[in-house]
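A.B. asks: Next comes the structure file start13.cif, holding mmCIF, C-alpha atoms.
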data_start
loop_
_atom_site.label_atom_id
_atom_site.label_comp_id
_atom_site.auth_asym_id
_atom_site.auth_seq_id
_atom_site.Cartn_x
_atom_site.Cartn_y
_atom_site.Cartn_z
CA MET A 1 11.08 39.77 63.60
CA THR A 2 9.90 36.16 63.55
CA HIS A 3 8.04 34.55 66.43
CA ILE A 4 11.00 32.20 66.79
CA ALA A 5 14.32 34.01 66.49
CA PRO A 6 16.78 32.57 63.95
CA LEU A 7 20.09 31.31 65.26
CA PRO A 8 23.04 33.62 64.57
CA LYS A 9 25.04 32.17 61.68
CA GLY A 10 28.09 31.83 63.94
CA LYS A 11 26.19 29.38 66.14
CA ILE A 12 25.75 26.91 63.28
CA SER A 13 28.85 24.74 63.21
CA ASP A 14 27.72 21.55 61.44
CA PRO A 15 29.73 21.48 58.18
CA GLU A 16 26.89 19.92 56.16
CA MET A 17 24.42 22.53 57.40
CA ILE A 18 26.87 25.31 56.52
CA GLU A 19 27.22 23.79 53.04
CA LEU A 20 23.42 23.55 52.64
CA ILE A 21 23.03 27.21 53.65
CA ALA A 22 25.68 28.19 51.09
CA GLU A 23 23.89 26.13 48.42
CA ALA A 24 20.58 27.81 49.28
CA GLU A 25 22.13 31.28 49.20
CA LYS A 26 23.59 30.52 45.79
CA LEU A 27 20.16 29.46 44.52
CA GLY A 28 18.36 32.30 46.31
CA VAL A 29 15.66 30.05 47.79
CA PRO A 30 15.60 29.95 50.73
CA ASP A 31 17.82 32.77 51.94
CA ASP A 32 19.57 32.19 55.29
CA LEU A 33 16.50 32.93 57.45
CA PHE A 34 14.71 29.59 56.95
CA PRO A 35 17.79 27.44 57.71
CA ARG A 36 18.74 29.60 60.72
CA ILE A 37 15.24 29.06 62.17
CA VAL A 38 15.04 25.33 61.47
CA ALA A 39 18.61 24.95 62.79
CA ARG A 40 17.04 25.39 66.24
CA ALA A 41 15.81 21.81 65.76
CA SER A 42 19.23 20.56 64.72
CA GLU A 43 18.24 16.97 63.85
CA GLN A 44 15.42 18.18 61.60
CA ALA A 45 17.27 21.00 59.90
CA LYS A 46 19.48 19.09 57.46
CA PRO A 47 16.79 16.76 56.02
CA LEU A 48 14.42 19.73 55.67
CA MET A 49 17.05 21.76 53.83
CA ARG A 50 18.06 18.83 51.62
CA ALA A 51 14.42 18.16 50.67
CA LEU A 52 13.71 21.82 50.01
CA LEU A 53 16.73 22.24 47.72
CA LEU A 54 16.46 18.88 45.97
CA SER A 55 12.74 19.14 45.25
CA HIS A 56 13.10 22.65 43.86
CA ALA A 57 16.37 22.74 41.95
CA GLN A 58 16.83 19.12 40.85
CA GLY A 59 14.70 16.50 39.10
CA ASN A 60 13.14 16.12 35.69
CA VAL A 61 10.58 18.92 35.64
CA ASP A 62 11.62 22.32 34.23
CA HIS A 63 13.02 24.41 37.10
CA ARG A 64 11.42 27.59 35.70
CA LEU A 65 8.00 25.93 35.89
CA LYS A 66 8.66 24.75 39.45
CA GLU A 67 9.80 28.26 40.43
CA THR A 68 6.55 29.70 39.04
CA ILE A 69 4.56 27.07 40.94
CA ARG A 70 6.51 27.81 44.12
CA VAL A 71 5.64 31.53 43.94
CA LEU A 72 2.01 30.73 43.08
CA LEU A 73 1.77 28.56 46.20
CA ALA A 74 3.54 31.09 48.44
CA ARG A 75 1.15 33.81 47.34
CA PHE A 76 -1.80 31.47 47.93
CA ALA A 77 -0.41 30.63 51.39
CA ASN A 78 -0.08 34.37 52.05
CA ASP A 79 3.53 33.70 53.03
CA LYS A 80 5.47 36.94 52.66
CA TYR A 81 8.82 35.24 53.13
CA PHE A 82 8.85 32.65 50.33
CA SER A 83 6.75 34.94 48.08
CA ALA A 84 9.58 37.47 48.03
CA LEU A 85 12.41 35.03 47.21
CA ARG A 86 13.45 34.21 43.65
CA SER A 87 15.61 31.45 42.20
CA ARG A 88 18.71 32.78 40.48
CA LYS A 89 18.93 29.54 38.49
CA ALA A 90 15.42 30.13 37.09
CA ARG A 91 16.15 33.78 36.36
CA GLU A 92 19.36 32.85 34.55
CA ALA A 93 17.36 30.32 32.53
CA GLY A 94 15.11 33.14 31.37
CA LEU A 95 12.23 33.22 33.86
CA THR A 96 10.99 36.81 34.24
CA GLU A 97 8.80 38.43 36.88
CA ALA A 98 6.12 39.01 34.24
CA ARG A 99 6.13 35.30 33.42
CA ILE A 100 5.81 34.40 37.12
CA ASP A 101 2.86 36.80 37.48
CA ALA A 102 1.21 35.36 34.38
CA GLY A 103 1.75 31.85 35.77
CA CYS A 104 0.13 32.86 39.05
CA PHE A 105 -2.84 34.86 37.82
CA GLU A 106 -3.67 34.32 34.14
CA TYR A 107 -2.13 31.14 32.84
CA GLU A 108 -5.51 29.79 31.70
CA SER A 109 -5.98 32.58 29.17
CA ASP A 110 -2.29 33.12 28.33
CA ARG A 111 -1.55 31.33 25.07
CA SER A 112 2.20 31.37 25.70
CA PHE A 113 1.77 28.60 28.31
CA THR A 114 1.79 25.10 26.86
CA GLU A 115 -0.94 22.62 27.78
CA ALA A 116 1.62 20.72 29.89
CA GLU A 117 2.52 23.90 31.82
CA LYS A 118 -1.15 24.74 32.33
CA TRP A 119 -1.88 21.28 33.77
CA ALA A 120 1.07 21.57 36.18
CA LEU A 121 -0.12 25.02 37.29
CA ARG A 122 -3.68 23.70 37.73
CA TYR A 123 -2.27 20.84 39.81
CA ALA A 124 -0.69 23.35 42.21
CA ASP A 125 -3.67 25.71 42.09
CA GLN A 126 -6.25 23.05 42.90
CA MET A 127 -4.24 21.05 45.44
CA PHE A 128 -4.98 23.49 48.25
CA LEU A 129 -7.96 25.31 46.72
CA ASP A 130 -10.15 22.29 46.00
CA ALA A 131 -8.29 18.99 46.21
CA SER A 132 -11.48 17.12 45.30
CA LYS A 133 -10.93 18.35 41.73
CA ILE A 134 -7.68 16.39 41.55
CA ASP A 135 -9.42 13.13 40.74
CA ALA A 136 -8.73 10.16 38.44
CA ALA A 137 -9.67 12.21 35.35
CA PHE A 138 -7.25 14.97 36.42
CA TYR A 139 -4.40 12.45 36.82
CA ALA A 140 -5.30 10.88 33.45
CA GLU A 141 -4.89 14.33 31.88
CA LEU A 142 -1.58 14.93 33.70
CA LYS A 143 -0.31 11.60 32.34
CA LYS A 144 -0.78 12.87 28.79
CA HIS A 145 1.91 15.49 29.45
CA TYR A 146 4.14 14.03 32.17
CA SER A 147 5.61 10.66 33.14
CA GLU A 148 4.46 9.13 36.43
CA ALA A 149 7.89 10.00 37.88
CA GLN A 150 7.43 13.65 36.89
CA ILE A 151 3.91 13.70 38.39
CA MET A 152 5.26 12.36 41.69
CA GLU A 153 8.08 14.92 41.54
CA LEU A 154 5.56 17.73 40.98
CA GLY A 155 3.12 16.50 43.63
CA ALA A 156 5.80 16.06 46.27
CA PHE A 157 7.30 19.46 45.40
CA ILE A 158 3.91 21.16 45.68
CA ALA A 159 3.08 19.44 48.98
CA PHE A 160 6.43 20.07 50.65
CA HIS A 161 6.88 23.69 49.61
CA TYR A 162 3.30 24.63 50.53
CA GLY A 163 3.79 23.03 53.95
CA MET A 164 7.01 24.97 54.59
CA GLN A 165 5.36 28.18 53.35
CA MET A 166 2.50 27.73 55.85
CA PHE A 167 5.09 27.10 58.55
CA MET A 168 7.01 30.30 57.70
CA ARG A 169 3.74 32.22 57.51
CA SER A 170 2.88 31.06 61.03
CA LEU A 171 6.23 32.41 62.21
CA GLY A 172 5.46 35.84 60.74
CA ALA A 173 8.59 35.61 58.59
CA THR A 174 9.60 38.11 55.93
CA THR A 175 12.85 38.09 53.97
CA SER A 176 15.98 38.56 56.11
CA MET B 177 -2.03 26.36 60.94
CA ALA B 178 -4.26 24.27 58.67
CA THR B 179 -7.68 25.73 59.25
CA ASP B 180 -7.08 29.32 60.45
CA PRO B 181 -3.40 30.31 60.24
CA ASP B 182 -4.12 33.89 61.35
CA LYS B 183 -4.80 32.54 64.83
CA VAL B 184 -1.16 31.41 65.10
CA ASP B 185 0.11 34.83 66.22
CA ALA B 186 2.62 36.19 68.76
CA ALA B 187 0.28 35.46 71.69
CA PHE B 188 -0.14 31.90 70.44
CA PHE B 189 3.66 31.44 70.38
CA ASP B 190 3.92 32.91 73.90
CA GLU B 191 1.50 30.23 75.03
CA LEU B 192 3.43 27.50 73.18
CA ARG B 193 6.64 28.61 74.94
CA LYS B 194 5.05 27.88 78.30
CA HIS B 195 4.91 24.21 77.32
CA TYR B 196 7.66 23.64 74.75
CA SER B 197 11.24 24.71 74.10
CA GLU B 198 11.98 26.76 70.98
CA GLU B 199 13.60 23.66 69.49
CA GLU B 200 10.41 21.67 70.07
CA ILE B 201 8.23 24.44 68.61
CA VAL B 202 10.31 24.52 65.41
CA GLU B 203 10.15 20.71 65.24
CA LEU B 204 6.36 20.78 65.68
CA GLY B 205 5.84 23.61 63.18
CA ALA B 206 7.91 21.96 60.46
CA PHE B 207 6.22 18.60 61.15
CA ILE B 208 2.75 20.15 60.91
CA GLY B 209 3.67 22.01 57.70
CA PHE B 210 5.07 18.82 56.18
CA ASN B 211 1.93 16.84 57.04
CA LEU B 212 -0.39 19.62 55.93
CA GLY B 213 1.14 19.49 52.47
CA TYR B 214 1.67 15.77 52.11
CA HIS B 215 -1.69 14.56 53.38
CA THR B 216 -3.45 16.74 50.82
CA PHE B 217 -1.19 15.34 48.08
CA PHE B 218 -1.66 11.75 49.30
CA GLY B 219 -5.42 12.36 49.52
CA SER B 220 -5.45 13.30 45.83
CA LEU B 221 -3.72 9.99 44.98
CA LYS B 222 -6.55 8.06 46.64
CA PHE B 223 -4.60 5.44 48.47
CA TYR B 224 -5.47 3.97 51.80
CA PRO B 225 -3.70 1.99 54.56
CA LEU B 226 -2.73 -1.57 53.61
CA PHE B 227 -3.80 -2.99 56.97
CA SER B 228 -6.88 -2.84 59.17
CA PRO B 229 -6.43 -1.76 62.82
CA ASP B 230 -6.39 -5.49 63.79
CA GLY B 231 -3.64 -6.25 61.27
CA ARG B 232 -5.60 -7.77 58.36
CA LEU B 233 -4.24 -7.13 54.85
CA LEU B 234 -6.83 -5.09 52.93
CA THR B 235 -7.53 -4.37 49.29
CA GLN B 236 -7.64 -0.64 48.48
CA ALA B 237 -11.45 -0.88 48.03
CA GLU B 238 -11.84 -2.50 51.47
CA SER B 239 -9.49 0.02 53.03
CA GLU B 240 -11.36 2.98 51.52
CA LYS B 241 -14.60 1.59 53.00
CA LEU B 242 -12.98 1.08 56.39
CA TYR B 243 -11.02 4.29 56.70
CA GLY B 244 -13.16 6.53 54.48
CA ALA B 245 -12.15 9.30 52.14
CA THR B 246 -12.09 11.95 54.88
CA PRO B 247 -9.57 11.71 57.72
CA ALA B 248 -11.15 11.29 61.16
CA SER B 249 -9.83 14.72 62.29
CA LEU B 250 -11.64 16.48 59.44
CA LYS B 251 -14.82 14.41 60.02
CA SER B 252 -14.91 15.73 63.61
CA LYS B 253 -14.46 19.26 62.30
CA GLU B 254 -17.29 18.81 59.78
CA ALA B 255 -19.54 17.43 62.53
CA ALA B 256 -18.81 20.43 64.75
CA GLU B 257 -19.74 22.93 62.02
#
Written as C-alpha coordinates, how would this file's structure read?
C.D. replies:
Amino acid sequence: MTHIAPLPKGKISDPEMIELIAEAEKLGVPDDLFPRIVARASEQAKPLMRALLLSHAQGNVDHRLKETIRVLLARFANDKYFSALRSRKAREAGLTEARIDAGCFEYESDRSFTEAEKWALRYADQMFLDASKIDAAFYAELKKHYSEAQIMELGAFIAFHYGMQMFMRSLGATTS
Amino acid sequence: MATDPDKVDAAFFDELRKHYSEEEIVELGAFIGFNLGYHTFFGSLKFYPLFSPDGRLLTQAESEKLYGATPASLKSKEAAE
(Lines of atoms letter the chains of each structure in order from A and count residues from 1; the text may use other names and numbers.)
(Lines give C-alpha, C1' and ligand atoms only; values in the text may rest on other atoms or scores of the structure.)
Protein backbone atom coordinates (compact mmCIF):
# COMPACT_ATOMS: atom_id res chain seq x y z
CA MET A 1 0.00 0.00 0.00
CA THR A 2 1.56 3.28 -1.10
CA HIS A 3 0.98 6.56 0.70
CA ILE A 4 -0.69 7.80 -2.48
CA ALA A 5 -2.99 5.20 -4.01
CA PRO A 6 -2.39 4.40 -7.70
CA LEU A 7 -5.22 5.11 -10.11
CA PRO A 8 -7.10 2.02 -11.28
CA LYS A 9 -5.95 1.20 -14.81
CA GLY A 10 -9.50 1.69 -16.10
CA LYS A 11 -9.38 5.35 -15.04
CA ILE A 12 -6.46 6.09 -17.37
CA SER A 13 -7.94 6.93 -20.75
CA ASP A 14 -5.24 9.00 -22.47
CA PRO A 15 -4.11 6.87 -25.45
CA GLU A 16 -0.47 7.98 -25.21
CA MET A 17 -0.35 7.18 -21.49
CA ILE A 18 -1.86 3.75 -22.16
CA GLU A 19 0.79 3.18 -24.83
CA LEU A 20 3.58 4.28 -22.46
CA ILE A 21 2.31 1.90 -19.76
CA ALA A 22 2.28 -0.94 -22.30
CA GLU A 23 5.83 -0.05 -23.37
CA ALA A 24 6.97 -0.03 -19.74
CA GLU A 25 5.29 -3.37 -19.03
CA LYS A 26 7.03 -4.86 -22.05
CA LEU A 27 10.39 -3.60 -20.77
CA GLY A 28 9.62 -4.53 -17.16
CA VAL A 29 10.75 -1.16 -15.75
CA PRO A 30 8.65 0.39 -14.40
CA ASP A 31 5.73 -1.97 -13.91
CA ASP A 32 2.27 -0.37 -13.90
CA LEU A 33 2.50 0.99 -10.33
CA PHE A 34 4.72 4.00 -11.07
CA PRO A 35 2.64 5.24 -14.04
CA ARG A 36 -0.64 4.68 -12.17
CA ILE A 37 0.66 6.86 -9.30
CA VAL A 38 2.09 9.63 -11.47
CA ALA A 39 -1.09 9.54 -13.59
CA ARG A 40 -2.72 11.34 -10.64
CA ALA A 41 -0.81 14.40 -11.90
CA SER A 42 -1.98 13.91 -15.46
CA GLU A 43 0.06 16.71 -17.07
CA GLN A 44 3.28 15.44 -15.48
CA ALA A 45 2.74 11.75 -16.08
CA LYS A 46 3.52 11.47 -19.79
CA PRO A 47 6.80 13.45 -19.80
CA LEU A 48 7.95 11.54 -16.70
CA MET A 49 7.18 8.20 -18.34
CA ARG A 50 8.78 9.22 -21.64
CA ALA A 51 11.96 10.37 -19.87
CA LEU A 52 12.12 7.25 -17.72
CA LEU A 53 11.78 4.89 -20.70
CA LEU A 54 13.95 6.86 -23.11
CA SER A 55 16.82 7.38 -20.68
CA HIS A 56 16.86 3.71 -19.71
CA ALA A 57 16.15 1.75 -22.86
CA GLN A 58 17.43 4.03 -25.62
CA GLY A 59 20.64 5.94 -26.32
CA ASN A 60 24.24 5.03 -27.01
CA VAL A 61 25.33 3.46 -23.73
CA ASP A 62 24.97 -0.32 -23.31
CA HIS A 63 21.52 -1.03 -21.86
CA ARG A 64 22.90 -3.86 -19.68
CA LEU A 65 25.31 -1.41 -18.05
CA LYS A 66 22.52 1.12 -17.49
CA GLU A 67 20.32 -1.61 -15.99
CA THR A 68 23.12 -2.53 -13.56
CA ILE A 69 23.57 1.15 -12.67
CA ARG A 70 19.81 1.54 -12.17
CA VAL A 71 19.71 -1.35 -9.67
CA LEU A 72 22.85 -0.05 -7.92
CA LEU A 73 21.17 3.34 -7.46
CA ALA A 74 17.84 1.85 -6.33
CA ARG A 75 19.61 -0.22 -3.69
CA PHE A 76 21.57 2.85 -2.58
CA ALA A 77 18.31 4.83 -2.40
CA ASN A 78 16.82 1.99 -0.33
CA ASP A 79 13.92 1.97 -2.79
CA LYS A 80 12.25 -1.43 -2.61
CA TYR A 81 10.12 -0.78 -5.67
CA PHE A 82 12.71 -0.05 -8.37
CA SER A 83 15.22 -2.42 -6.71
CA ALA A 84 12.91 -5.35 -7.40
CA LEU A 85 12.21 -4.58 -11.07
CA ARG A 86 14.33 -5.96 -13.90
CA SER A 87 14.60 -5.05 -17.57
CA ARG A 88 13.59 -7.90 -19.86
CA LYS A 89 15.60 -6.28 -22.66
CA ALA A 90 18.77 -6.43 -20.52
CA ARG A 91 18.05 -9.99 -19.43
CA GLU A 92 17.52 -11.06 -23.04
CA ALA A 93 20.83 -9.40 -23.91
CA GLY A 94 22.53 -11.62 -21.35
CA LEU A 95 22.53 -9.62 -18.12
CA THR A 96 22.28 -12.01 -15.16
CA GLU A 97 21.41 -11.40 -11.52
CA ALA A 98 24.95 -12.40 -10.53
CA ARG A 99 26.34 -9.76 -12.89
CA ILE A 100 24.01 -7.11 -11.42
CA ASP A 101 25.13 -8.03 -7.89
CA ALA A 102 28.78 -7.90 -8.93
CA GLY A 103 28.16 -4.49 -10.53
CA CYS A 104 26.56 -3.23 -7.33
CA PHE A 105 28.96 -4.60 -4.74
CA GLU A 106 32.31 -5.73 -6.15
CA TYR A 107 32.96 -4.22 -9.53
CA GLU A 108 36.26 -2.68 -8.39
CA SER A 109 37.83 -6.08 -7.75
CA ASP A 110 35.96 -8.02 -10.46
CA ARG A 111 38.27 -8.38 -13.45
CA SER A 112 35.38 -9.19 -15.78
CA PHE A 113 34.32 -5.51 -15.75
CA THR A 114 36.12 -3.36 -18.30
CA GLU A 115 37.73 -0.07 -17.26
CA ALA A 116 34.94 1.77 -19.10
CA GLU A 117 32.26 -0.14 -17.15
CA LYS A 118 34.07 0.49 -13.87
CA TRP A 119 34.21 4.25 -14.52
CA ALA A 120 30.48 4.33 -15.33
CA LEU A 121 29.69 2.40 -12.14
CA ARG A 122 31.94 4.74 -10.12
CA TYR A 123 30.11 7.69 -11.67
CA ALA A 124 26.79 6.36 -10.34
CA ASP A 125 28.29 5.24 -7.03
CA GLN A 126 29.93 8.57 -6.24
CA MET A 127 27.19 10.87 -7.55
CA PHE A 128 25.08 10.48 -4.42
CA LEU A 129 27.73 9.10 -2.06
CA ASP A 130 30.32 11.86 -2.44
CA ALA A 131 29.67 14.13 -5.42
CA SER A 132 32.79 16.15 -4.58
CA LYS A 133 34.80 13.22 -5.97
CA ILE A 134 33.26 13.78 -9.40
CA ASP A 135 35.67 16.56 -10.28
CA ALA A 136 37.54 17.67 -13.42
CA ALA A 137 39.99 14.74 -13.10
CA PHE A 138 37.06 12.30 -12.85
CA TYR A 139 35.47 13.72 -16.02
CA ALA A 140 38.86 13.61 -17.78
CA GLU A 141 39.01 9.89 -16.97
CA LEU A 142 35.42 9.32 -18.14
CA LYS A 143 36.31 11.02 -21.45
CA LYS A 144 38.96 8.36 -22.09
CA HIS A 145 36.19 5.76 -22.29
CA TYR A 146 33.06 7.64 -23.38
CA SER A 147 32.12 10.45 -25.77
CA GLU A 148 30.76 13.66 -24.24
CA ALA A 149 27.31 12.66 -25.52
CA GLN A 150 27.55 9.32 -23.72
CA ILE A 151 28.70 11.04 -20.51
CA MET A 152 25.69 13.37 -20.64
CA GLU A 153 23.44 10.37 -21.34
CA LEU A 154 24.88 8.54 -18.33
CA GLY A 155 24.76 11.56 -16.02
CA ALA A 156 21.19 12.44 -16.92
CA PHE A 157 20.14 8.78 -16.59
CA ILE A 158 21.75 8.52 -13.15
CA ALA A 159 20.22 11.80 -11.94
CA PHE A 160 16.71 11.13 -13.21
CA HIS A 161 16.41 7.52 -12.08
CA TYR A 162 17.83 8.25 -8.62
CA GLY A 163 15.34 11.10 -8.23
CA MET A 164 12.40 8.88 -9.17
CA GLN A 165 13.69 6.12 -6.88
CA MET A 166 13.78 8.55 -3.93
CA PHE A 167 10.26 9.65 -4.84
CA MET A 168 8.97 6.05 -4.90
CA ARG A 169 10.81 5.33 -1.65
CA SER A 170 9.02 8.27 -0.02
CA LEU A 171 5.70 6.77 -1.13
CA GLY A 172 6.55 3.45 0.56
CA ALA A 173 6.17 1.67 -2.78
CA THR A 174 6.95 -1.98 -3.39
CA THR A 175 6.30 -3.88 -6.62
CA SER A 176 2.62 -4.13 -7.59
CA MET B 1 13.24 13.51 0.92
CA ALA B 2 16.79 14.76 0.32
CA THR B 3 18.25 14.85 3.79
CA ASP B 4 16.21 12.32 5.83
CA PRO B 5 13.80 10.34 3.66
CA ASP B 6 12.68 8.16 6.59
CA LYS B 7 10.84 11.18 7.97
CA VAL B 8 8.54 11.17 4.91
CA ASP B 9 6.18 8.55 6.36
CA ALA B 10 2.40 7.95 6.48
CA ALA B 11 1.90 10.68 9.12
CA PHE B 12 3.85 13.10 6.93
CA PHE B 13 1.56 12.34 3.97
CA ASP B 14 -1.52 12.79 6.21
CA GLU B 15 -0.23 16.25 7.02
CA LEU B 16 0.48 17.02 3.34
CA ARG B 17 -3.11 16.03 2.48
CA LYS B 18 -4.41 18.75 4.78
CA HIS B 19 -2.82 21.32 2.47
CA TYR B 20 -2.58 19.71 -0.98
CA SER B 21 -4.63 17.47 -3.24
CA GLU B 22 -3.24 14.04 -4.13
CA GLU B 23 -2.53 15.37 -7.62
CA GLU B 24 -0.48 18.22 -6.14
CA ILE B 25 1.41 15.87 -3.80
CA VAL B 26 2.41 13.62 -6.73
CA GLU B 27 3.44 16.70 -8.71
CA LEU B 28 5.55 17.97 -5.79
CA GLY B 29 7.11 14.57 -5.08
CA ALA B 30 8.14 13.98 -8.69
CA PHE B 31 9.43 17.57 -8.96
CA ILE B 32 11.51 17.19 -5.79
CA GLY B 33 12.88 13.82 -6.94
CA PHE B 34 13.78 15.27 -10.33
CA ASN B 35 15.59 18.24 -8.76
CA LEU B 36 17.30 16.09 -6.16
CA GLY B 37 18.89 14.04 -8.92
CA TYR B 38 19.61 16.76 -11.45
CA HIS B 39 21.09 19.36 -9.12
CA THR B 40 23.64 16.82 -7.90
CA PHE B 41 24.51 15.97 -11.52
CA PHE B 42 24.68 19.64 -12.53
CA GLY B 43 26.80 20.36 -9.44
CA SER B 44 29.33 17.77 -10.63
CA LEU B 45 29.55 19.56 -14.01
CA LYS B 46 30.56 22.79 -12.26
CA PHE B 47 28.51 25.27 -14.19
CA TYR B 48 26.94 28.37 -12.81
CA PRO B 49 24.19 30.83 -13.84
CA LEU B 50 25.03 33.00 -16.86
CA PHE B 51 23.54 36.13 -15.30
CA SER B 52 23.87 37.99 -12.00
CA PRO B 53 20.67 38.77 -10.05
CA ASP B 54 20.72 42.29 -11.62
CA GLY B 55 20.96 40.88 -15.14
CA ARG B 56 24.69 41.26 -15.91
CA LEU B 57 26.26 38.60 -18.17
CA LEU B 58 28.91 36.75 -16.14
CA THR B 59 31.89 34.56 -16.96
CA GLN B 60 31.76 31.14 -15.27
CA ALA B 61 34.59 32.24 -12.91
CA GLU B 62 32.65 35.38 -11.90
CA SER B 63 29.46 33.39 -11.50
CA GLU B 64 31.15 30.77 -9.30
CA LYS B 65 32.43 33.58 -7.05
CA LEU B 66 29.00 35.19 -6.90
CA TYR B 67 26.83 32.14 -6.43
CA GLY B 68 29.36 29.84 -4.76
CA ALA B 69 29.85 26.12 -5.09
CA THR B 70 27.23 25.28 -2.45
CA PRO B 71 23.57 26.14 -3.04
CA ALA B 72 22.14 28.64 -0.54
CA SER B 73 19.74 26.00 0.87
CA LEU B 74 22.62 23.68 1.76
CA LYS B 75 24.68 26.59 3.18
CA SER B 76 21.81 27.31 5.61
CA LYS B 77 21.74 23.64 6.56
CA GLU B 78 25.50 23.60 7.16
CA ALA B 79 25.23 26.74 9.30
CA ALA B 80 22.48 25.16 11.41
CA GLU B 81 24.56 22.03 12.12
A.B. asks: Around the point (6.9, 24.6, 56.4), in the coordinates given by the file, pick out the residues reaching within 7 Å, counting all atoms listed in the file, and return them as a list in words.
C.D. replies: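 Here is the list of nearby residues: His161, Tyr162, Gly163, Met164, Gln165, Met166, Phe167 and Met168 of chain A; Gly205, Ala206, Gly209 and Phe210 of chain B.
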A.B. asks: With all atoms listed in the file as the counted atoms, please give the residues lying no more than 9 Å from region 185-200 of chain B, apart from itself and same-chain residues fewer than 3 positions off, as a ChimeraX atom specification.
C.D. replies: /A:2-5,38-42,170-172 /B:181-182,203-205
A.B. asks: Here's the selection I'm unsure about, the PyMOL selection byres ((chain A and resi 134) around 12); applied to the file above, which residues does it give, as a ChimeraX atom specification?
C.D. replies: /A:119-120,122-133,135-142,155 /B:216-222
A.B. asks: Hey, can you check how far CA of Ser83 (chain A) sits from CA of Asp110 (chain A)?
C.D. replies: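 Between CA of Ser83 (chain A) and CA of Asp110 (chain A) the gap is 21.8 Å.
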A.B. asks: Measuring atom to atom with all atoms listed in the file, identify which of A:Leu85, A:Ala159, A:Ala57, A:Leu73 is nearest to Val29 (chain A).
C.D. replies: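 Nearest candidate to Val29 (chain A) out of A:Leu85, A:Ala159, A:Ala57, A:Leu73: A:Leu85.
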A.B. asks: Counting all atoms listed in the file, which residue out of B:Tyr224, B:Leu212, B:Thr179, B:Thr235 sits closest to chain A?
C.D. replies: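 Closest to chain A of all the choices is B:Leu212.
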A.B. asks: In Å, how far is it from CA of His215 (chain B) to CA of Asp31 (chain A)?
C.D. replies: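 Between CA of His215 (chain B) and CA of Asp31 (chain A) the gap is 26.7 Å.
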A.B. asks: Please write as a PyMOL selection string the full residue list that the PyMOL selection byres ((chain A and resi 94-100) around 9) yields on this file.
C.D. replies: chain A and resi 64-65+67-69+71-72+89-93+101-105
A.B. asks: Show me, as a ChimeraX atom specification, the residues that have an atom within 7 Å of region 236-243 of chain B when counting only C-alpha atoms, minus same-chain residues fewer than 6 positions from it.
C.D. replies: /B:223-226
A.B. asks: Can you spit out the residues from that selection as a PDB file, in the coordinates of the input, using C-alpha atoms?
C.D. replies:
ATOM      1  CA  PHE B 223      -4.600   5.440  48.470  1.00  0.00           C
ATOM      2  CA  TYR B 224      -5.470   3.970  51.800  1.00  0.00           C
ATOM      3  CA  PRO B 225      -3.700   1.990  54.560  1.00  0.00           C
ATOM      4  CA  LEU B 226      -2.730  -1.570  53.610  1.00  0.00           C
TER       5      LEU B 226
END
A.B. asks: Would you compute the distance between CA of Ile37 (chain A) and CA of Ala84 (chain A)? Give it in Å to one decimal.
C.D. replies: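 Spanning CA of Ile37 (chain A) to CA of Ala84 (chain A) is a straight-line distance of 17.4 Å.
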A.B. asks: Hey, which of A:Gly59, A:Tyr146, A:Asn78, A:Arg86 ends up closest to chain B? Count only C-alpha atoms.
C.D. replies: A:Asn78
A.B. asks: The PyMOL selection byres ((chain A and resi 60) around 12) on the file shown: which residues, as a PyMOL selection string?
C.D. replies: chain A and resi 54-59+61-66+146-154+157
A.B. asks: Counting only C-alpha atoms, what is within 7 Å of Ile21 (chain A), bar same-chain residues fewer than 3 positions away, as a VMD selection string?
C.D. replies: chain A and resid 17 to 18 24 to 25 32 35
A.B. asks: Find the axis-aligned box for region 117-135 of chain A, covering all its listed atoms and adding 5 Å on each side, and write its centre and edge lengths in Å to one decimal as lines of an AutoDock Vina configuration file.
C.D. replies:
center_x = -4.5
center_y = 19.4
center_z = 40.0
size_x = 24.0
size_y = 22.6
size_z = 26.4
